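Student: Next up, data26.tsv (TSV, C-alpha atoms).
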```
chain	number	residue	atom	x	y	z
G	1396	MET	CA	-44.46	126.04	-111.43
G	1397	ALA	CA	-43.13	128.55	-108.91
G	1398	THR	CA	-42.50	127.40	-105.38
G	1399	ALA	CA	-43.32	129.63	-102.46
G	1400	GLN	CA	-40.33	130.93	-100.58
G	1401	PRO	CA	-40.30	130.43	-96.81
G	1402	PRO	CA	-41.09	133.58	-94.82
G	1403	CYS	CA	-38.21	135.47	-93.21
G	1404	GLN	CA	-37.47	134.17	-89.75
G	1405	GLU	CA	-35.97	136.01	-86.85
G	1406	PRO	CA	-32.33	135.14	-86.33
G	1407	THR	CA	-31.66	133.33	-83.11
G	1408	ILE	CA	-29.47	135.26	-80.76
G	1409	PRO	CA	-27.39	133.39	-78.19
G	1410	SER	CA	-28.26	134.30	-74.63
G	1411	THR	CA	-24.68	135.30	-73.88
G	1412	LEU	CA	-24.91	138.41	-76.06
G	1413	SER	CA	-25.91	141.66	-74.48
G	1414	GLN	CA	-29.30	143.14	-75.24
G	1415	GLY	CA	-27.76	146.19	-77.00
G	1416	TYR	CA	-25.71	144.05	-79.30
G	1417	ALA	CA	-28.74	141.90	-80.03
G	1418	ARG	CA	-30.79	144.99	-80.99
G	1419	ALA	CA	-27.97	146.29	-83.22
G	1420	LEU	CA	-27.65	142.91	-84.89
G	1421	HIS	CA	-31.40	142.74	-85.43
G	1422	ALA	CA	-31.49	146.26	-86.91
G	1423	ALA	CA	-28.57	145.50	-89.20
G	1424	THR	CA	-30.08	142.29	-90.52
G	1425	HIS	CA	-33.65	143.53	-90.96
G	1426	HIS	CA	-33.23	147.18	-91.89
G	1427	PRO	CA	-30.20	147.47	-94.12
G	1428	SER	CA	-29.26	150.96	-95.19
G	1429	PRO	CA	-30.48	151.68	-98.71
G	1430	ARG	CA	-27.84	151.65	-101.40
G	1431	PRO	CA	-27.43	155.06	-103.00
G	1432	GLN	CA	-28.98	155.34	-106.45
G	1433	ASN	CA	-26.76	156.29	-109.36
G	1434	PRO	CA	-28.33	159.46	-110.83
G	1435	LEU	CA	-27.21	158.45	-114.33
G	1436	LEU	CA	-29.20	155.20	-114.29
G	1437	PRO	CA	-32.99	154.97	-114.51
G	1438	PRO	CA	-34.67	154.47	-111.13
G	1439	ALA	CA	-35.09	150.91	-109.92
G	1440	CYS	CA	-38.48	149.22	-109.82
G	1441	GLY	CA	-39.87	147.83	-106.59
G	1442	ASP	CA	-38.32	144.44	-107.29
G	1443	GLY	CA	-34.87	145.91	-107.95
G	1444	ARG	CA	-34.95	145.67	-111.75
G	1445	ARG	CA	-34.02	148.75	-113.72
G	1446	ARG	CA	-36.52	150.37	-116.02
G	1447	GLY	CA	-34.98	150.76	-119.46
G	1448	VAL	CA	-35.84	152.32	-122.77
G	1449	PRO	CA	-38.60	150.50	-124.64
G	1450	PRO	CA	-37.48	148.74	-127.85
G	1451	ALA	CA	-39.29	151.23	-130.12
G	1452	GLY	CA	-37.58	154.13	-128.35
G	1453	MET	CA	-34.19	152.51	-128.69
G	1454	ALA	CA	-34.75	151.80	-132.38
G	1455	LEU	CA	-35.77	155.42	-132.92
G	1456	SER	CA	-32.68	156.63	-131.04
G	1457	VAL	CA	-30.39	154.44	-133.14
G	1458	LEU	CA	-32.09	155.68	-136.33
G	1459	VAL	CA	-31.65	159.33	-135.30
G	1460	ILE	CA	-27.95	158.78	-134.52
G	1461	LEU	CA	-27.53	156.94	-137.83
G	1462	LEU	CA	-29.08	159.88	-139.72
G	1463	LEU	CA	-26.97	162.41	-137.79
G	1464	SER	CA	-23.85	160.46	-138.75
G	1465	VAL	CA	-24.90	160.38	-142.41
G	1466	LEU	CA	-25.54	164.14	-142.28
G	1467	TYR	CA	-22.12	164.67	-140.67
G	1468	GLU	CA	-20.43	162.87	-143.58
G	1469	ALA	CA	-22.48	164.86	-146.10
G	1470	VAL	CA	-21.47	168.16	-144.48
G	1471	LYS	CA	-17.83	167.03	-144.44
G	1472	MET	CA	-17.95	166.29	-148.18
G	1473	GLY	CA	-19.81	169.54	-148.87
G	1474	LYS	CA	-17.06	171.42	-147.10
G	1475	ALA	CA	-14.46	169.70	-149.32
G	1476	VAL	CA	-16.40	170.69	-152.46
G	1477	LEU	CA	-16.52	174.30	-151.29
G	1478	LEU	CA	-12.78	174.24	-150.61
G	1479	ARG	CA	-12.11	173.03	-154.14
G	1480	ARG	CA	-14.32	175.78	-155.58
G	1481	ALA	CA	-12.67	178.40	-153.38
G	1482	LEU	CA	-9.23	177.34	-154.60
G	1483	LEU	CA	-10.41	177.47	-158.21
G	1484	ALA	CA	-11.81	180.97	-157.59
G	1485	LEU	CA	-8.38	182.31	-156.65
G	1486	PRO	CA	-6.46	183.94	-159.49
G	1487	ARG	CA	-3.81	181.76	-161.09
G	1488	SER	CA	-1.30	184.58	-161.11
G	1489	LEU	CA	-0.99	187.77	-159.22
G	1490	SER	CA	-0.76	189.97	-162.28
G	1491	ARG	CA	-2.87	193.10	-162.45
G	1492	GLU	CA	-4.93	191.77	-165.37
G	1493	SER	CA	-6.15	188.65	-163.54
G	1494	LEU	CA	-7.12	190.70	-160.52
G	1495	VAL	CA	-9.03	193.31	-162.52
G	1496	GLU	CA	-10.69	191.33	-165.33
G	1497	PRO	CA	-13.51	188.96	-164.34
G	1498	GLU	CA	-13.74	185.54	-165.95
G	1499	GLU	CA	-16.37	184.86	-168.60
G	1500	GLY	CA	-19.88	184.52	-167.20
G	1501	ASP	CA	-18.97	185.78	-163.71
G	1502	THR	CA	-19.27	189.43	-162.82
G	1503	ALA	CA	-17.83	189.25	-159.28
G	1504	PRO	CA	-14.09	189.81	-158.80
G	1505	PRO	CA	-12.09	186.75	-157.65
G	1506	GLN	CA	-11.52	188.07	-154.11
G	1507	ARG	CA	-15.24	188.54	-153.55
G	1508	ARG	CA	-16.04	185.07	-154.89
G	1509	TRP	CA	-13.31	183.58	-152.71
G	1510	PHE	CA	-14.71	185.42	-149.66
G	1511	ARG	CA	-18.22	184.02	-150.32
G	1512	TYR	CA	-16.79	180.50	-150.53
G	1513	HIS	CA	-14.87	181.12	-147.31
G	1514	VAL	CA	-18.04	182.23	-145.49
G	1515	GLY	CA	-19.80	179.11	-146.82
G	1516	GLN	CA	-16.96	176.92	-145.59
G	1517	THR	CA	-17.14	178.56	-142.17
G	1518	LEU	CA	-20.86	177.83	-141.90
G	1519	PHE	CA	-20.31	174.23	-143.04
G	1520	HIS	CA	-17.56	173.88	-140.44
G	1521	MET	CA	-19.85	175.17	-137.68
G	1522	VAL	CA	-22.57	172.66	-138.65
G	1523	GLN	CA	-19.99	169.87	-138.86
G	1524	VAL	CA	-18.65	170.60	-135.37
G	1525	VAL	CA	-22.17	170.73	-133.85
G	1526	LEU	CA	-23.15	167.44	-135.52
G	1527	GLY	CA	-19.88	165.81	-134.47
G	1528	TYR	CA	-20.36	166.80	-130.83
G	1529	MET	CA	-23.97	165.59	-130.88
G	1530	VAL	CA	-22.92	162.17	-132.19
G	1531	MET	CA	-20.04	162.05	-129.71
G	1532	LEU	CA	-22.38	162.87	-126.84
G	1533	ALA	CA	-24.72	160.06	-127.91
G	1534	VAL	CA	-21.85	157.57	-128.17
G	1535	MET	CA	-20.68	158.58	-124.70
G	1536	SER	CA	-23.89	157.10	-123.31
G	1537	TYR	CA	-21.95	153.81	-123.54
G	1538	ASN	CA	-24.83	152.10	-125.28
G	1539	ALA	CA	-23.61	149.51	-127.77
G	1540	TRP	CA	-26.61	150.01	-130.10
G	1541	ILE	CA	-26.07	153.78	-130.24
G	1542	PHE	CA	-22.38	153.17	-130.96
G	1543	LEU	CA	-23.21	150.75	-133.78
G	1544	GLY	CA	-25.74	153.24	-135.17
G	1545	ALA	CA	-23.07	155.96	-135.26
G	1546	ILE	CA	-20.59	153.66	-137.00
G	1547	ALA	CA	-23.18	152.42	-139.51
G	1548	GLY	CA	-24.32	155.98	-140.24
G	1549	SER	CA	-20.78	157.18	-140.80
G	1550	THR	CA	-20.08	154.25	-143.11
G	1551	LEU	CA	-23.32	154.70	-145.03
G	1552	GLY	CA	-22.81	158.46	-145.31
G	1553	TYR	CA	-19.29	158.08	-146.66
G	1554	PHE	CA	-20.41	155.37	-149.10
G	1555	VAL	CA	-23.28	157.48	-150.46
G	1556	VAL	CA	-21.69	160.94	-150.46
G	1557	TYR	CA	-18.08	160.23	-151.51
G	1558	PRO	CA	-18.92	159.57	-155.19
G	1559	LEU	CA	-20.56	163.01	-155.28
G	1560	LEU	CA	-17.23	164.62	-154.41
G	1561	GLY	CA	-15.88	163.96	-157.90
G	1562	ARG	CA	-18.86	165.70	-159.51
G	1563	GLY	CA	-18.63	168.89	-157.41
```
Please rewrite the model in this file as C-alpha coordinates.

Tutor:
Amino acid sequence: MATAQPPCQEPTIPSTLSQGYARALHAATHHPSPRPQNPLLPPACGDGRRRGVPPAGMALSVLVILLLSVLYEAVKMGKAVLLRRALLALPRSLSRESLVEPEEGDTAPPQRRWFRYHVGQTLFHMVQVVLGYMVMLAVMSYNAWIFLGAIAGSTLGYFVVYPLLGRG
(Lines of atoms letter the chains of each structure in order from A and count residues from 1; the text may use other names and numbers.)
(Lines give C-alpha, C1' and ligand atoms only; values in the text may rest on other atoms or scores of the structure.)
Protein backbone atom coordinates (compact mmCIF):
# COMPACT_ATOMS: atom_id res chain seq x y z
CA MET A 1 0.00 0.00 0.00
CA ALA A 2 1.46 3.36 -1.02
CA THR A 3 1.86 6.02 1.60
CA ALA A 4 1.14 9.63 0.79
CA GLN A 5 4.16 11.86 0.74
CA PRO A 6 4.01 15.05 2.82
CA PRO A 7 3.44 18.21 0.79
CA CYS A 8 6.42 20.46 0.08
CA GLN A 9 6.91 23.01 2.82
CA GLU A 10 8.47 26.41 2.57
CA PRO A 11 12.00 26.47 3.94
CA THR A 12 12.38 28.58 7.03
CA ILE A 13 14.65 31.51 6.53
CA PRO A 14 16.45 33.00 9.52
CA SER A 15 15.53 36.61 10.17
CA THR A 16 19.17 37.70 9.95
CA LEU A 17 19.30 37.08 6.20
CA SER A 18 18.55 39.93 3.87
CA GLN A 19 15.34 39.91 1.89
CA GLY A 20 17.22 39.65 -1.46
CA TYR A 21 19.15 36.63 -0.33
CA ALA A 22 15.96 35.06 0.97
CA ARG A 23 14.24 35.55 -2.42
CA ALA A 24 17.25 34.09 -4.26
CA LEU A 25 17.31 31.11 -1.93
CA HIS A 26 13.59 30.58 -2.38
CA ALA A 27 13.87 30.78 -6.19
CA ALA A 28 16.79 28.36 -6.21
CA THR A 29 15.05 25.79 -4.06
CA HIS A 30 11.62 25.96 -5.71
CA HIS A 31 12.41 26.71 -9.34
CA PRO A 32 15.54 24.80 -10.27
CA SER A 33 16.83 25.36 -13.76
CA PRO A 34 15.82 22.51 -16.06
CA ARG A 35 18.53 20.05 -16.94
CA PRO A 36 19.31 20.09 -20.64
CA GLN A 37 17.92 17.12 -22.55
CA ASN A 38 20.32 14.90 -24.44
CA PRO A 39 19.12 14.96 -28.07
CA LEU A 40 20.26 11.36 -28.57
CA LEU A 41 17.97 10.00 -25.84
CA PRO A 42 14.19 9.73 -26.11
CA PRO A 43 12.36 12.57 -24.36
CA ALA A 44 11.56 12.12 -20.69
CA CYS A 45 8.03 11.49 -19.47
CA GLY A 46 6.40 13.81 -16.96
CA ASP A 47 7.66 11.69 -14.08
CA GLY A 48 11.24 11.71 -15.34
CA ARG A 49 11.29 8.18 -16.77
CA ARG A 50 12.56 7.74 -20.30
CA ARG A 51 10.31 6.40 -22.99
CA GLY A 52 12.00 3.46 -24.68
CA VAL A 53 11.42 1.17 -27.60
CA PRO A 54 8.56 -1.30 -27.05
CA PRO A 55 9.64 -4.96 -26.76
CA ALA A 56 8.15 -5.90 -30.15
CA GLY A 57 10.05 -3.06 -31.82
CA MET A 58 13.29 -4.10 -30.17
CA ALA A 59 12.80 -7.73 -31.20
CA LEU A 60 12.14 -6.62 -34.77
CA SER A 61 15.26 -4.43 -34.73
CA VAL A 62 17.41 -7.29 -33.46
CA LEU A 63 15.95 -9.61 -36.12
CA VAL A 64 16.69 -7.10 -38.90
CA ILE A 65 20.29 -6.67 -37.70
CA LEU A 66 20.66 -10.45 -37.44
CA LEU A 67 19.46 -10.86 -41.05
CA LEU A 68 21.72 -8.04 -42.28
CA SER A 69 24.68 -9.77 -40.63
CA VAL A 70 23.76 -13.10 -42.25
CA LEU A 71 23.47 -11.34 -45.63
CA TYR A 72 26.86 -9.68 -45.06
CA GLU A 73 28.48 -13.10 -44.55
CA ALA A 74 26.71 -14.48 -47.63
CA VAL A 75 27.97 -11.60 -49.77
CA LYS A 76 31.48 -12.08 -48.39
CA MET A 77 31.43 -15.76 -49.36
CA GLY A 78 29.90 -14.96 -52.75
CA LYS A 79 32.75 -12.57 -53.40
CA ALA A 80 35.26 -15.33 -52.56
CA VAL A 81 33.54 -17.72 -55.00
CA LEU A 82 33.71 -15.09 -57.74
CA LEU A 83 37.40 -14.53 -57.02
CA ARG A 84 38.09 -18.24 -57.40
CA ARG A 85 36.19 -18.33 -60.71
CA ALA A 86 38.00 -15.22 -61.94
CA LEU A 87 41.37 -16.80 -61.18
CA LEU A 88 40.33 -19.98 -62.97
CA ALA A 89 39.24 -17.90 -65.98
CA LEU A 90 42.74 -16.50 -66.43
CA PRO A 91 44.91 -18.36 -68.94
CA ARG A 92 47.41 -20.76 -67.41
CA SER A 93 50.16 -19.58 -69.70
CA LEU A 94 50.70 -16.49 -71.71
CA SER A 95 51.24 -18.28 -74.98
CA ARG A 96 49.43 -17.06 -78.06
CA GLU A 97 47.36 -20.25 -78.35
CA SER A 98 45.79 -19.96 -74.88
CA LEU A 99 44.92 -16.33 -75.50
CA VAL A 100 43.33 -16.98 -78.89
CA GLU A 101 41.60 -20.36 -78.50
CA PRO A 102 38.54 -20.48 -76.23
CA GLU A 103 38.05 -23.42 -73.89
CA GLU A 104 35.46 -26.08 -74.69
CA GLY A 105 31.89 -24.94 -74.13
CA ASP A 106 32.78 -21.26 -73.65
CA THR A 107 32.79 -18.86 -76.57
CA ALA A 108 34.08 -15.77 -74.72
CA PRO A 109 37.83 -15.12 -74.65
CA PRO A 110 39.49 -15.43 -71.21
CA GLN A 111 40.06 -11.68 -70.80
CA ARG A 112 36.38 -10.93 -71.35
CA ARG A 113 35.32 -13.65 -68.90
CA TRP A 114 37.81 -12.35 -66.35
CA PHE A 115 36.48 -8.80 -66.81
CA ARG A 116 32.88 -9.97 -66.19
CA TYR A 117 33.98 -11.71 -62.99
CA HIS A 118 35.83 -8.55 -61.96
CA VAL A 119 32.71 -6.41 -62.48
CA GLY A 120 30.72 -8.95 -60.43
CA GLN A 121 33.30 -8.81 -57.65
CA THR A 122 33.15 -5.02 -57.66
CA LEU A 123 29.38 -5.06 -57.26
CA PHE A 124 29.62 -7.66 -54.48
CA HIS A 125 32.24 -5.50 -52.76
CA MET A 126 29.98 -2.44 -52.94
CA VAL A 127 27.07 -4.38 -51.39
CA GLN A 128 29.39 -5.81 -48.72
CA VAL A 129 30.66 -2.35 -47.73
CA VAL A 130 27.12 -0.91 -47.54
CA LEU A 131 25.90 -3.83 -45.41
CA GLY A 132 28.97 -3.62 -43.18
CA TYR A 133 28.45 0.09 -42.53
CA MET A 134 24.75 -0.45 -41.83
CA VAL A 135 25.52 -3.13 -39.23
CA MET A 136 28.29 -0.97 -37.76
CA LEU A 137 25.93 1.99 -37.48
CA ALA A 138 23.38 -0.17 -35.66
CA VAL A 139 26.02 -1.52 -33.26
CA MET A 140 27.15 2.04 -32.54
CA SER A 141 23.76 2.67 -30.93
CA TYR A 142 25.40 1.02 -27.89
CA ASN A 143 22.44 -1.27 -27.40
CA ALA A 144 23.51 -4.65 -26.04
CA TRP A 145 20.65 -6.51 -27.79
CA ILE A 146 21.55 -5.00 -31.17
CA PHE A 147 25.19 -5.94 -30.58
CA LEU A 148 24.24 -9.52 -29.72
CA GLY A 149 22.00 -9.67 -32.80
CA ALA A 150 24.91 -8.60 -35.01
CA ILE A 151 27.23 -11.18 -33.46
CA ALA A 152 24.63 -13.96 -33.69
CA GLY A 153 23.85 -13.06 -37.31
CA SER A 154 27.51 -13.06 -38.28
CA THR A 155 28.02 -16.43 -36.58
CA LEU A 156 24.90 -17.94 -38.14
CA GLY A 157 25.77 -16.56 -41.58
CA TYR A 158 29.29 -17.96 -41.48
CA PHE A 159 28.01 -21.33 -40.22
CA VAL A 160 25.40 -21.61 -42.99
CA VAL A 161 27.30 -20.12 -45.93
CA TYR A 162 30.86 -21.40 -45.39
CA PRO A 163 30.10 -24.99 -46.48
CA LEU A 164 28.79 -23.57 -49.76
CA LEU A 165 32.22 -22.10 -50.50
CA GLY A 166 33.63 -25.55 -51.28
CA ARG A 167 30.88 -26.22 -53.84
CA GLY A 168 31.33 -22.94 -55.75

Student: Which one of G:Val1514, G:Ala1451, G:Ile1460, G:Leu1466 sits closest to Met1531 (chain G) if you count all atoms listed in the file?

Tutor: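 Closest to Met1531 (chain G), using all atoms listed in the file: G:Ile1460.
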
Student: If you count only C-alpha atoms, which residues fall within 12 Å of Tyr1512 (chain G), apart from same-chain ones fewer than 3 positions away, as a PyMOL selection string?

Tutor: chain G and resi 1473-1485+1505-1509+1515-1519

Student: Please report the interatomic distance between CA of Ala1454 (chain G) and CA of Val1524 (chain G) in Å with one decimal.

Tutor: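 Between CA of Ala1454 (chain G) and CA of Val1524 (chain G) the gap is 24.9 Å.
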
Student: Which one is closest to Val1465 (chain G): G:Met1529, G:Gly1548, G:Pro1558, G:Phe1510? Count all atoms listed in the file.

Tutor: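 When distances to Val1465 (chain G) are compared using all atoms listed in the file, the smallest one comes from G:Gly1548.
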
Student: Suppose you want the space between CA of Ala1545 (chain G) and CA of Val1530 (chain G); what is it in Å?

Tutor: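 The value is 6.9 Å.
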
Student: Kindly give the distance, in Å, that separates CA of Val1555 (chain G) and CA of Ala1469 (chain G), rounded to a single decimal.

Tutor: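 CA of Ala1469 (chain G) lies at a distance of 8.6 Å from CA of Val1555 (chain G).
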
Student: Here is a test: counting all atoms listed in the file, which residue of G:Tyr1553, G:Pro1450, G:Ser1464, G:Val1457 is nearest to Ala1539 (chain G)?

Tutor: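 Ranking G:Tyr1553, G:Pro1450, G:Ser1464, G:Val1457 by distance to Ala1539 (chain G), first place goes to G:Val1457.
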
Student: Pick the closest to Leu1455 (chain G) from G:Met1521, G:Leu1559, G:Leu1551, G:Ile1541: which is it, counting only C-alpha atoms?

Tutor: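 That would be G:Ile1541, the residue with the smallest distance to Leu1455 (chain G).
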
Student: Give the answer as one residue: which of G:Arg1511, G:Gly1527, G:Val1534, G:Glu1468 has the shortest atom-to-atom distance to Ser1549 (chain G), using all atoms listed in the file?

Tutor: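 Comparing G:Arg1511, G:Gly1527, G:Val1534, G:Glu1468 against Ser1549 (chain G), the winner is G:Glu1468.
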